[in-house]
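Below is input.txt, holding compact mmCIF, C-alpha atoms.
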```txt
# COMPACT_ATOMS: atom_id res chain seq x y z
CA MET N 37 22.48 -18.58 -29.43
CA ALA N 38 19.14 -16.91 -29.01
CA MET N 39 18.45 -13.58 -27.43
CA LEU N 40 16.79 -12.97 -24.06
CA HIS N 41 14.41 -10.02 -24.00
CA THR N 42 13.38 -8.56 -20.65
CA VAL N 43 10.42 -6.23 -20.10
CA ASN N 44 9.84 -4.42 -16.78
CA LYS N 45 6.98 -2.05 -17.66
CA SER N 46 3.23 -2.59 -17.72
CA PRO N 47 1.91 -3.13 -21.27
CA PHE N 48 -1.12 -1.00 -20.37
CA GLU N 49 1.04 2.04 -19.73
CA ILE N 50 3.85 1.94 -22.28
CA ASN N 51 4.49 0.00 -25.49
CA SER N 52 7.71 -1.74 -24.34
CA LEU N 53 6.21 -5.24 -24.39
CA GLU N 54 4.41 -4.59 -27.67
CA ARG N 55 7.65 -3.46 -29.33
CA CYS N 56 9.51 -6.39 -27.78
CA LEU N 57 7.02 -8.86 -29.25
CA GLN N 58 7.31 -7.19 -32.67
CA MET N 59 11.09 -7.23 -32.70
CA ALA N 60 11.94 -10.55 -31.04
CA LYS N 61 12.90 -13.23 -33.59
CA SER N 62 11.52 -16.73 -33.46
CA GLY N 63 13.50 -18.83 -30.98
CA SER N 64 14.04 -15.94 -28.58
CA SER N 65 12.99 -15.85 -24.95
CA VAL N 66 10.97 -13.10 -23.28
CA LEU N 67 11.15 -12.58 -19.51
CA LEU N 68 8.55 -10.40 -17.78
CA ILE N 69 9.72 -8.79 -14.52
CA GLU N 70 8.55 -6.00 -12.15
CA ASP N 71 5.48 -4.26 -13.67
CA GLY N 72 6.13 -6.26 -16.84
CA VAL N 73 4.44 -9.23 -15.13
CA TYR N 74 1.04 -7.64 -15.80
CA GLY N 75 1.66 -8.60 -19.44
CA ALA N 76 1.37 -12.27 -18.46
CA LEU N 77 -2.30 -11.92 -17.41
CA ASP N 78 -4.93 -13.57 -19.58
CA GLY N 79 -8.30 -11.99 -20.32
CA THR N 80 -6.91 -8.49 -20.79
CA VAL N 81 -6.94 -6.10 -23.77
CA PHE N 82 -3.28 -6.99 -24.29
CA SER N 83 -3.24 -10.78 -23.90
CA ALA N 84 -4.11 -11.53 -27.56
CA LYS N 85 -0.86 -9.88 -28.62
CA VAL N 86 1.18 -12.09 -26.31
CA LYS N 87 -0.64 -15.21 -27.52
CA ALA N 88 -0.11 -14.22 -31.16
CA ALA N 89 3.67 -13.96 -30.78
CA ASP N 90 4.97 -17.03 -32.58
CA GLY N 91 8.10 -18.96 -31.73
CA LEU N 92 8.85 -17.12 -28.48
CA THR N 93 9.21 -18.74 -25.08
CA THR N 94 7.78 -16.47 -22.42
CA TYR N 95 8.75 -16.50 -18.74
CA VAL N 96 7.50 -14.48 -15.78
CA LEU N 97 9.29 -13.84 -12.49
CA GLY N 98 7.30 -15.54 -9.69
CA PRO N 99 8.31 -13.25 -6.81
CA ASP N 100 7.10 -10.20 -8.79
CA LEU N 101 3.75 -11.91 -9.45
CA LYS N 102 3.41 -12.73 -5.76
CA THR N 103 4.25 -9.17 -4.68
CA ARG N 104 1.42 -7.86 -6.88
CA GLY N 105 -1.12 -10.46 -5.76
CA LEU N 106 -1.50 -11.98 -9.25
CA ASP N 107 -2.94 -15.48 -9.31
CA PRO N 108 -0.80 -17.90 -11.39
CA ALA N 109 -4.08 -19.50 -12.53
CA LYS N 110 -4.92 -16.28 -14.38
CA LEU N 111 -1.82 -16.27 -16.58
CA ILE N 112 -1.79 -16.90 -20.30
CA GLU N 113 -1.34 -20.61 -20.93
CA GLY N 114 2.21 -21.62 -21.72
CA ILE N 115 3.95 -18.85 -19.80
CA GLU N 116 6.46 -20.36 -17.43
CA ILE N 117 6.89 -19.02 -13.89
CA ILE N 118 10.51 -18.89 -12.73
CA ASP N 119 12.28 -17.80 -9.54
CA TYR N 120 15.50 -15.79 -9.15
CA ASP N 121 17.66 -18.88 -9.79
CA GLY N 122 15.70 -19.43 -13.00
CA PHE N 123 16.39 -15.80 -13.94
CA VAL N 124 20.13 -16.36 -13.50
CA GLN N 125 19.93 -19.57 -15.53
CA LEU N 126 18.13 -17.78 -18.37
CA VAL N 127 20.82 -15.11 -18.45
CA ALA N 128 23.50 -17.80 -18.54
CA ASP N 129 21.71 -19.69 -21.33
CA HIS N 130 21.50 -16.70 -23.69
CA ASP N 131 24.44 -14.87 -25.17
CA ARG N 132 22.76 -11.48 -25.39
CA ILE N 133 20.13 -9.62 -23.40
CA GLN N 134 17.89 -6.92 -24.78
CA THR N 135 16.24 -4.85 -22.04
CA TRP N 136 13.03 -3.08 -23.12
CA LEU N 137 12.73 -0.21 -20.64
CA MET A 197 -13.93 27.59 9.94
CA SER A 198 -12.91 27.62 6.31
CA GLU A 199 -15.08 26.22 3.59
CA THR A 200 -14.78 22.49 2.87
CA LYS A 201 -13.32 21.70 -0.51
CA LYS A 202 -13.62 18.60 -2.63
CA PHE A 203 -10.25 16.89 -2.87
CA MET A 204 -9.68 13.92 -5.14
CA TYR A 205 -6.53 11.80 -5.17
CA LEU A 206 -6.29 10.28 -8.64
CA ASN A 207 -4.20 7.11 -8.84
CA ARG A 208 -3.13 5.81 -12.25
CA ARG A 209 0.03 3.80 -11.49
CA ALA A 210 0.60 0.19 -10.50
CA PRO A 211 2.05 -0.41 -7.03
CA TYR A 212 5.71 -1.43 -6.44
CA GLY A 213 7.11 -0.70 -9.94
CA THR A 214 7.30 2.99 -9.08
CA ILE A 215 6.96 4.95 -5.84
CA TYR A 216 3.80 6.85 -6.94
CA ALA A 217 1.26 4.51 -5.30
CA LEU A 218 2.90 4.48 -1.87
CA GLU A 219 3.60 8.23 -1.96
CA GLY A 220 0.00 8.95 -2.92
CA LEU A 221 -1.34 6.78 -0.12
CA GLU A 222 0.86 8.52 2.45
CA VAL A 223 -0.26 11.94 1.26
CA VAL A 224 -3.91 10.89 1.57
CA LEU A 225 -3.33 9.86 5.19
CA ILE A 226 -1.53 13.09 5.99
CA GLY A 227 -4.07 15.21 4.11
CA ALA A 228 -6.95 13.57 5.98
CA ALA A 229 -6.05 15.72 9.00
CA PHE A 230 -7.34 18.80 7.15
CA GLU A 231 -10.93 17.53 7.24
CA GLN A 232 -11.83 18.21 3.65
CA ASP A 233 -14.24 16.24 1.47
CA VAL A 234 -11.75 13.61 0.32
CA SER A 235 -12.17 10.88 -2.27
CA MET A 236 -9.78 8.59 -4.08
CA ALA A 237 -10.07 7.46 -7.68
CA PHE A 238 -8.34 4.53 -9.31
CA MET A 239 -8.06 4.20 -13.07
CA ASP A 240 -5.65 2.68 -15.61
CA ASP A 241 -2.93 0.65 -13.84
CA GLY A 242 -3.94 2.32 -10.56
CA VAL A 243 -6.64 -0.37 -10.18
CA PHE A 244 -3.83 -2.89 -9.56
CA GLN A 245 -3.10 -1.09 -6.27
CA LEU A 246 -6.29 -2.51 -4.79
CA THR A 247 -5.82 -6.17 -5.70
CA LYS A 248 -6.01 -8.62 -2.83
CA GLY A 249 -3.35 -11.22 -2.06
CA GLN A 250 -0.32 -8.93 -2.41
CA ASP A 251 2.62 -10.61 -0.68
CA THR A 252 6.05 -9.01 -0.66
CA SER A 253 7.79 -11.72 1.39
CA ASP A 254 9.94 -12.72 -1.61
CA SER A 255 10.77 -9.23 -2.82
CA ASP A 256 12.20 -7.23 0.10
CA MET A 257 9.67 -4.41 -0.28
CA LYS A 258 7.10 -3.14 2.19
CA ASN A 259 3.63 -4.56 1.55
CA PHE A 260 1.48 -1.45 1.88
CA SER A 261 -1.76 -3.03 0.67
CA PRO A 262 -3.09 -3.54 4.25
CA THR A 263 -2.91 0.24 4.71
CA TYR A 264 -5.78 0.77 2.22
CA ASN A 265 -7.98 -0.89 4.88
CA ALA A 266 -7.14 1.95 7.29
CA LEU A 267 -8.57 4.61 4.97
CA GLY A 268 -11.99 4.26 6.59
CA ASP A 269 -10.48 5.23 9.96
CA TYR A 270 -9.19 8.38 8.25
CA GLU A 271 -12.70 9.15 6.97
CA VAL A 272 -11.75 8.44 3.39
CA ASN A 273 -14.92 6.56 2.48
CA LYS A 274 -15.32 7.30 -1.20
CA ILE A 275 -13.06 5.12 -3.30
CA TYR A 276 -14.01 5.21 -6.97
CA VAL A 277 -12.73 2.53 -9.35
CA GLU A 278 -13.23 2.85 -13.09
CA GLN A 279 -15.06 -0.14 -14.60
CA GLU A 280 -13.37 0.12 -18.00
CA SER A 281 -9.89 0.04 -16.44
CA MET A 282 -10.79 -3.17 -14.60
CA ASP A 283 -12.31 -4.70 -17.76
CA ASP A 284 -9.18 -3.92 -19.81
CA ARG A 285 -7.08 -5.76 -17.21
CA GLY A 286 -9.33 -8.78 -16.78
CA LEU A 287 -10.19 -7.73 -13.20
CA THR A 288 -13.52 -7.92 -11.41
CA LEU A 289 -14.59 -6.53 -8.04
CA ASP A 290 -13.80 -9.97 -6.56
CA ASP A 291 -10.11 -9.46 -7.37
CA LEU A 292 -9.99 -6.31 -5.20
CA GLN A 293 -9.73 -6.00 -1.42
CA HIS A 294 -13.09 -5.52 0.27
CA LEU A 295 -12.51 -2.07 1.76
CA VAL A 296 -14.99 -0.86 4.36
CA TRP A 297 -15.56 2.07 6.67
CA GLU A 298 -17.39 2.04 9.99
CA ASP A 299 -20.41 4.29 10.39
CA GLU A 300 -20.17 5.64 13.92
CA ASP A 301 -23.76 6.89 13.77
CA GLU A 302 -25.03 3.37 13.07
CA ASP A 303 -23.20 1.48 15.83
CA TYR A 304 -20.04 1.15 13.73
CA ALA A 305 -21.82 -0.71 10.94
CA LYS A 306 -19.31 -1.67 8.25
CA LYS A 307 -20.10 -0.19 4.85
CA PRO A 308 -18.25 -0.77 1.57
CA SER A 309 -15.95 2.07 0.45
CA ILE A 310 -15.32 0.98 -3.13
CA ARG A 311 -17.70 2.26 -5.77
CA VAL A 312 -17.20 0.95 -9.28
CA VAL A 313 -18.12 3.66 -11.77
CA SER A 314 -18.16 3.96 -15.54
CA ARG A 315 -15.67 6.14 -17.42
CA GLN A 316 -18.51 8.58 -18.06
CA VAL A 317 -19.32 8.90 -14.35
CA MET A 318 -15.61 9.18 -13.50
CA ALA A 319 -15.35 12.11 -15.92
CA ASP A 320 -18.26 13.80 -14.13
CA LEU A 321 -16.57 13.21 -10.76
CA LEU A 322 -13.32 14.80 -11.97
CA GLU A 323 -15.30 17.78 -13.20
CA GLU A 324 -16.88 18.48 -9.81
CA GLN A 325 -13.64 18.53 -7.75
CA ASP A 326 -12.03 21.69 -6.38
CA VAL A 327 -8.61 20.02 -6.28
CA ILE A 328 -7.26 16.89 -7.98
CA LEU A 329 -3.92 15.48 -6.82
CA ASN A 330 -2.26 13.03 -9.18
CA TYR A 331 -0.17 9.98 -8.36
CA MET G 120 21.48 7.05 18.22
CA SER G 121 21.06 3.93 20.31
CA LEU G 122 19.42 2.59 23.43
CA GLU G 123 20.95 0.11 25.87
CA VAL G 124 18.70 -2.36 27.66
CA ASN G 125 20.06 -5.22 29.77
CA GLY G 126 23.43 -5.04 28.05
CA THR G 127 22.07 -5.10 24.51
CA VAL G 128 22.38 -2.01 22.31
CA TYR G 129 19.44 -1.18 20.01
CA GLU G 130 19.67 1.24 17.12
CA THR G 131 17.23 4.18 17.15
CA ASP G 132 16.70 7.22 14.94
CA GLU G 133 17.65 10.76 15.99
CA GLU G 134 14.39 11.12 17.94
CA GLY G 135 14.73 7.84 19.80
CA TYR G 136 12.36 5.69 17.71
CA LEU G 137 13.45 2.07 17.42
CA ALA G 138 15.07 1.36 14.03
CA ASP G 139 13.80 -2.22 13.76
CA LEU G 140 10.35 -2.81 15.21
CA ASN G 141 10.97 -6.56 15.32
CA GLN G 142 13.50 -5.97 18.09
CA TRP G 143 10.85 -4.51 20.39
CA SER G 144 10.26 -5.86 23.90
CA SER G 145 8.37 -4.51 26.90
CA GLU G 146 11.74 -3.91 28.57
CA ILE G 147 12.66 -1.54 25.75
CA ALA G 148 9.41 0.36 26.25
CA GLU G 149 10.06 0.63 29.97
CA LYS G 150 13.61 1.90 29.44
CA MET G 151 12.41 4.55 26.96
CA ALA G 152 9.81 5.68 29.49
CA ILE G 153 12.34 5.88 32.33
CA ASP G 154 14.62 7.98 30.12
CA ASP G 155 11.65 10.35 29.57
CA GLY G 156 11.00 10.45 33.32
CA ALA G 157 7.77 8.46 32.95
CA ASN G 158 6.51 5.29 34.58
CA LEU G 159 4.39 2.87 32.52
CA THR G 160 1.18 1.71 34.19
CA GLN G 161 -1.66 -0.53 33.00
CA PRO G 162 -3.48 2.33 31.21
CA HIS G 163 -0.27 3.12 29.29
CA TRP G 164 0.06 -0.51 28.25
CA GLU G 165 -3.51 -0.57 26.95
CA VAL G 166 -2.60 2.15 24.49
CA ILE G 167 0.82 0.72 23.61
CA ASN G 168 -0.62 -2.73 22.95
CA PHE G 169 -3.43 -1.23 20.90
CA LEU G 170 -0.89 0.62 18.73
CA ARG G 171 1.13 -2.53 18.12
CA GLU G 172 -2.03 -4.38 17.04
CA TYR G 173 -3.03 -1.50 14.78
CA TYR G 174 0.38 -1.51 13.11
CA GLU G 175 0.28 -5.28 12.68
CA GLU G 176 -3.06 -5.02 10.89
CA TYR G 177 -2.60 -1.88 8.78
CA GLN G 178 1.19 -1.39 8.56
CA ILE G 179 0.94 2.21 9.76
CA ALA G 180 1.01 4.07 13.05
CA PRO G 181 -2.32 5.91 13.26
CA ALA G 182 -2.61 9.69 13.41
CA VAL G 183 -3.62 11.00 16.84
CA ARG G 184 -7.19 11.73 15.69
CA VAL G 185 -7.58 8.17 14.44
CA LEU G 186 -6.00 6.76 17.60
CA THR G 187 -8.36 8.72 19.85
CA LYS G 188 -11.43 7.51 17.98
CA ALA G 189 -10.24 3.91 17.86
CA ILE G 190 -9.37 3.86 21.57
CA GLY G 191 -12.86 5.18 22.30
CA LYS G 192 -14.37 2.32 20.38
CA ARG G 193 -12.08 -0.31 21.91
CA LEU G 194 -11.69 0.85 25.51
CA GLY G 195 -14.72 3.07 26.05
CA LYS G 196 -15.62 6.73 25.47
CA ASP G 197 -14.09 7.79 28.81
CA LYS G 198 -10.69 6.86 27.36
CA GLY G 199 -11.30 7.91 23.77
CA ASN G 200 -10.57 11.60 24.28
CA SER G 201 -7.48 13.75 24.04
CA LYS G 202 -7.54 14.80 27.69
CA TYR G 203 -7.22 11.21 28.92
CA LEU G 204 -4.57 10.33 26.34
CA TYR G 205 -2.52 13.49 26.90
CA GLU G 206 -2.49 12.82 30.63
CA LEU G 207 -0.97 9.40 29.93
CA PHE G 208 1.39 10.64 27.23
CA PRO G 209 2.12 14.33 27.78
CA TYR G 210 4.54 14.53 24.83
CA GLY G 211 1.63 13.68 22.49
CA PRO G 212 -0.25 10.38 22.60
CA ALA G 213 0.53 9.23 19.07
CA LYS G 214 4.18 10.34 19.11
CA GLN G 215 5.17 9.19 22.57
CA ALA G 216 3.11 5.98 22.71
CA CYS G 217 4.29 4.96 19.22
CA LYS G 218 7.87 5.39 20.37
CA TYR G 219 7.33 3.12 23.37
CA ALA G 220 5.50 0.63 21.11
CA GLY G 221 8.58 0.43 18.87
CA LEU G 222 6.69 1.86 15.88
CA PRO G 223 7.85 4.54 13.48
CA LYS G 224 6.61 8.07 14.06
CA PRO G 225 2.96 8.34 12.92
CA THR G 226 2.45 9.22 9.27
CA GLY G 227 1.75 12.92 9.02
CA CYS G 228 3.18 13.70 12.44
CA VAL G 229 5.70 16.54 12.28
```
Can you dump the structure from the file as structure tokens?
Amino acid sequence: MAMLHTVNKSPFEINSLERCLQMAKSGSSVLLIEDGVYGALDGTVFSAKVKAADGLTTYVLGPDLKTRGLDPAKLIEGIEIIDYDGFVQLVADHDRIQTWL
Amino acid sequence: MSETKKFMYLNRRAPYGTIYALEGLEVVLIGAAFEQDVSMAFMDDGVFQLTKGQDTSDSDMKNFSPTYNALGDYEVNKIYVEQESMDDRGLTLDDLQHLVWEDEDEDYAKKPSIRVVSRQVMADLLEEQDVILNY
Amino acid sequence: MSLEVNGTVYETDEEGYLADLNQWSSEIAEKMAIDDGANLTQPHWEVINFLREYYEEYQIAPAVRVLTKAIGKRLGKDKGNSKYLYELFPYGPAKQACKYAGLPKPTGCV
């Protein structure tokens, strides 16, 4: 089974998401939570790196987007917004979780 | 009466992920009582503090974004936002709250508090402060 | 600490401020005032209601300086001064009125 990577830090402040994207193997899932959700924004200096990551399925936690006032229309195309139930489901669907702090 | 000093509160962190943004805002409100020449500056992820539409109803945290609108009442009328930090994050002035202060001398006319400045100008502003407090 | 009004017990902090501002009612304000030996009149309510509106909009209880200025703008210069407000709320307009309004102690108030 594939690995679930979670990132909770802003990509503009620390390289957690960048390292995650480098290390995650094709077929893995990436979930952006807390300040990690800023990595889902399109039109930023970081978004090209997210778009270039091949073979990864990227998710973002909706409640954390909403808290920060981020418009779902401004996200990188293909990133899926999930709620807390979706978070639990992702955890259940993967046999290992790598947390990029 | 002691001499007025230039105080700048420099905000570089996103809201909610850490406590820095809320702490900084509270200190500004407390510090406003000392009647110094106060300004706030937002750069790097700090610019995310000012985004409009923040809604914490699903996250069990206090939404403190409305409090930025009270800064004018506390005579904090100079809010500098670095252009390059907004550009890097795909933000424009339209994505930020429209913060205003009321000019008592002009029949409470509402005037914008946010001034978008270049990195170069921000560097000059830092240089001219007596005190810079970082959050 | 706690406060009992009409048979219901409300939780407060050690200085008597209501723990949950959503529980507030005018009866609670009146009971707090009676316990302080005060009697709430229309001028008191003007200030208390103003504070609740201010909190609703900005999510903070204003500092006394800000309150004084804002009251002056809203209710007239004759009321927007410390003398008037201290006469209404001798324990400190921001502190005492915020307590009756069910708000937390004003930010920066020690």
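CA of Val272 (chain A) is positioned 17.7 Å from CA of Glu176 (chain G).
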Discussion item. Residues near Leu206 (chain A), anyone? I mean within 10 Å using only C-alpha atoms, not counting same-chain ones fewer than 2 positions away, as a ChimeraX atom specification.
Written reply: /A:203-204,208-209,220,235-239,242,276,322,328-331
Store the residues of this selection in a file with C-alpha atoms, as an mmCIF file, keeping the file's coordinate frame.
```
data_model
loop_
_atom_site.group_PDB
_atom_site.id
_atom_site.type_symbol
_atom_site.label_atom_id
_atom_site.label_comp_id
_atom_site.auth_asym_id
_atom_site.auth_seq_id
_atom_site.Cartn_x
_atom_site.Cartn_y
_atom_site.Cartn_z
ATOM 1 C CA PHE A 203 -10.250 16.890 -2.870
ATOM 2 C CA MET A 204 -9.680 13.920 -5.140
ATOM 3 C CA ARG A 208 -3.130 5.810 -12.250
ATOM 4 C CA ARG A 209 0.030 3.800 -11.490
ATOM 5 C CA GLY A 220 0.000 8.950 -2.920
ATOM 6 C CA SER A 235 -12.170 10.880 -2.270
ATOM 7 C CA MET A 236 -9.780 8.590 -4.080
ATOM 8 C CA ALA A 237 -10.070 7.460 -7.680
ATOM 9 C CA PHE A 238 -8.340 4.530 -9.310
ATOM 10 C CA MET A 239 -8.060 4.200 -13.070
ATOM 11 C CA GLY A 242 -3.940 2.320 -10.560
ATOM 12 C CA TYR A 276 -14.010 5.210 -6.970
ATOM 13 C CA LEU A 322 -13.320 14.800 -11.970
ATOM 14 C CA ILE A 328 -7.260 16.890 -7.980
ATOM 15 C CA LEU A 329 -3.920 15.480 -6.820
ATOM 16 C CA ASN A 330 -2.260 13.030 -9.180
ATOM 17 C CA TYR A 331 -0.170 9.980 -8.360
#
```
Worksheet item: Taking (4.9, -1.8, 19.5) in the file's coordinates as the center, which residues reach within 9 Å of it, counting all atoms listed in the file, put as a list in words?
Response: Leu140, Asn141, Trp143, Ser144, Ser145, Ala148, Ile167, Asn168, Phe169, Leu170, Arg171, Glu172, Tyr174, Glu175, Ala216, Cys217, Lys218, Tyr219, Ala220, Gly221 and Leu222 of chain G
Set the distance at 12 Å and use all atoms listed in the file: which residues neighbour Arg285 (chain A) once local chain neighbours fewer than 4 positions away are removed? I'd like the list as a PDB file with C-alpha atoms, in the coordinates of the input.
```
ATOM      1  CA  SER N  46       3.230  -2.590 -17.720  1.00  0.00           C
ATOM      2  CA  PRO N  47       1.910  -3.130 -21.270  1.00  0.00           C
ATOM      3  CA  PHE N  48      -1.120  -1.000 -20.370  1.00  0.00           C
ATOM      4  CA  GLU N  49       1.040   2.040 -19.730  1.00  0.00           C
ATOM      5  CA  TYR N  74       1.040  -7.640 -15.800  1.00  0.00           C
ATOM      6  CA  GLY N  75       1.660  -8.600 -19.440  1.00  0.00           C
ATOM      7  CA  ALA N  76       1.370 -12.270 -18.460  1.00  0.00           C
ATOM      8  CA  LEU N  77      -2.300 -11.920 -17.410  1.00  0.00           C
ATOM      9  CA  ASP N  78      -4.930 -13.570 -19.580  1.00  0.00           C
ATOM     10  CA  GLY N  79      -8.300 -11.990 -20.320  1.00  0.00           C
ATOM     11  CA  THR N  80      -6.910  -8.490 -20.790  1.00  0.00           C
ATOM     12  CA  VAL N  81      -6.940  -6.100 -23.770  1.00  0.00           C
ATOM     13  CA  PHE N  82      -3.280  -6.990 -24.290  1.00  0.00           C
ATOM     14  CA  SER N  83      -3.240 -10.780 -23.900  1.00  0.00           C
ATOM     15  CA  LEU N 106      -1.500 -11.980  -9.250  1.00  0.00           C
ATOM     16  CA  LYS N 110      -4.920 -16.280 -14.380  1.00  0.00           C
ATOM     17  CA  LEU N 111      -1.820 -16.270 -16.580  1.00  0.00           C
TER      18      LEU N 111
ATOM     19  CA  ALA A 210       0.600   0.190 -10.500  1.00  0.00           C
ATOM     20  CA  MET A 239      -8.060   4.200 -13.070  1.00  0.00           C
ATOM     21  CA  ASP A 240      -5.650   2.680 -15.610  1.00  0.00           C
ATOM     22  CA  ASP A 241      -2.930   0.650 -13.840  1.00  0.00           C
ATOM     23  CA  GLY A 242      -3.940   2.320 -10.560  1.00  0.00           C
ATOM     24  CA  VAL A 243      -6.640  -0.370 -10.180  1.00  0.00           C
ATOM     25  CA  PHE A 244      -3.830  -2.890  -9.560  1.00  0.00           C
ATOM     26  CA  THR A 247      -5.820  -6.170  -5.700  1.00  0.00           C
ATOM     27  CA  GLU A 278     -13.230   2.850 -13.090  1.00  0.00           C
ATOM     28  CA  GLN A 279     -15.060  -0.140 -14.600  1.00  0.00           C
ATOM     29  CA  GLU A 280     -13.370   0.120 -18.000  1.00  0.00           C
ATOM     30  CA  SER A 281      -9.890   0.040 -16.440  1.00  0.00           C
ATOM     31  CA  LEU A 289     -14.590  -6.530  -8.040  1.00  0.00           C
ATOM     32  CA  ASP A 291     -10.110  -9.460  -7.370  1.00  0.00           C
TER      33      ASP A 291
END
```
Taking only residues of chain A that have an atom at most 10 Å from an atom of chain G, what is each one's shortest atom pair and its distance in Å to one decimal, using all atoms listed in the file, in chain and number order, as CSV?
```
residue,atom,partner,partner_atom,distance
A:Glu222,CA,G:Thr226,CA,7.0
A:Val223,CA,G:Gly227,CA,8.1
A:Val224,CA,G:Gly227,CA,9.6
A:Leu225,CA,G:Gly227,CA,7.1
A:Ile226,CA,G:Gly227,CA,4.5
A:Gly227,CA,G:Gly227,CA,8.0
A:Ala228,CA,G:Gly227,CA,9.2
A:Ala229,CA,G:Arg184,CA,7.9
A:Lys258,CA,G:Gln178,CA,8.9
A:Asn259,CA,G:Gln178,CA,8.1
A:Phe260,CA,G:Gln178,CA,6.7
A:Ser261,CA,G:Tyr177,CA,8.2
A:Pro262,CA,G:Tyr177,CA,4.8
A:Thr263,CA,G:Tyr177,CA,4.6
A:Tyr264,CA,G:Tyr177,CA,7.8
A:Asn265,CA,G:Tyr177,CA,6.7
A:Ala266,CA,G:Tyr177,CA,6.1
A:Leu267,CA,G:Tyr177,CA,9.6
A:Gly268,CA,G:Val185,CA,9.8
A:Asp269,CA,G:Val185,CA,6.1
A:Tyr270,CA,G:Val185,CA,6.4
A:Glu271,CA,G:Val185,CA,9.1
A:Glu300,CA,G:Lys192,CA,9.3
A:Asp303,CA,G:Lys192,CA,10.0
A:Tyr304,CA,G:Lys192,CA,8.8
```
Item to complete: Using only C-alpha atoms, select each residue of chain A with any atom at most 7 Å away from an atom of chain N, and give the selection as a count of residues only.
Response: 13
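For the atom pair formed by CA of Glu116 (chain N) and CA of Ile215 (chain A), the distance is 27.8 Å, given to one decimal.
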Name the residues in contact with Ile147 (chain G) at a cut-off of 12 Å, using all atoms listed in the file, excluding same-chain residues fewer than 4 positions from it; report them as a tab-separated table (two decimals) with C-alpha atoms, keeping the file's coordinate frame.
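Resulting contents of out20.tsv:
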```tsv
chain	number	residue	atom	x	y	z
G	121	SER	CA	21.06	3.93	20.31
G	122	LEU	CA	19.42	2.59	23.43
G	123	GLU	CA	20.95	0.11	25.87
G	124	VAL	CA	18.70	-2.36	27.66
G	125	ASN	CA	20.06	-5.22	29.77
G	126	GLY	CA	23.43	-5.04	28.05
G	127	THR	CA	22.07	-5.10	24.51
G	128	VAL	CA	22.38	-2.01	22.31
G	129	TYR	CA	19.44	-1.18	20.01
G	130	GLU	CA	19.67	1.24	17.12
G	131	THR	CA	17.23	4.18	17.15
G	135	GLY	CA	14.73	7.84	19.80
G	136	TYR	CA	12.36	5.69	17.71
G	137	LEU	CA	13.45	2.07	17.42
G	140	LEU	CA	10.35	-2.81	15.21
G	141	ASN	CA	10.97	-6.56	15.32
G	142	GLN	CA	13.50	-5.97	18.09
G	143	TRP	CA	10.85	-4.51	20.39
G	151	MET	CA	12.41	4.55	26.96
G	152	ALA	CA	9.81	5.68	29.49
G	153	ILE	CA	12.34	5.88	32.33
G	154	ASP	CA	14.62	7.98	30.12
G	159	LEU	CA	4.39	2.87	32.52
G	218	LYS	CA	7.87	5.39	20.37
G	219	TYR	CA	7.33	3.12	23.37
G	220	ALA	CA	5.50	0.63	21.11
G	221	GLY	CA	8.58	0.43	18.87
```
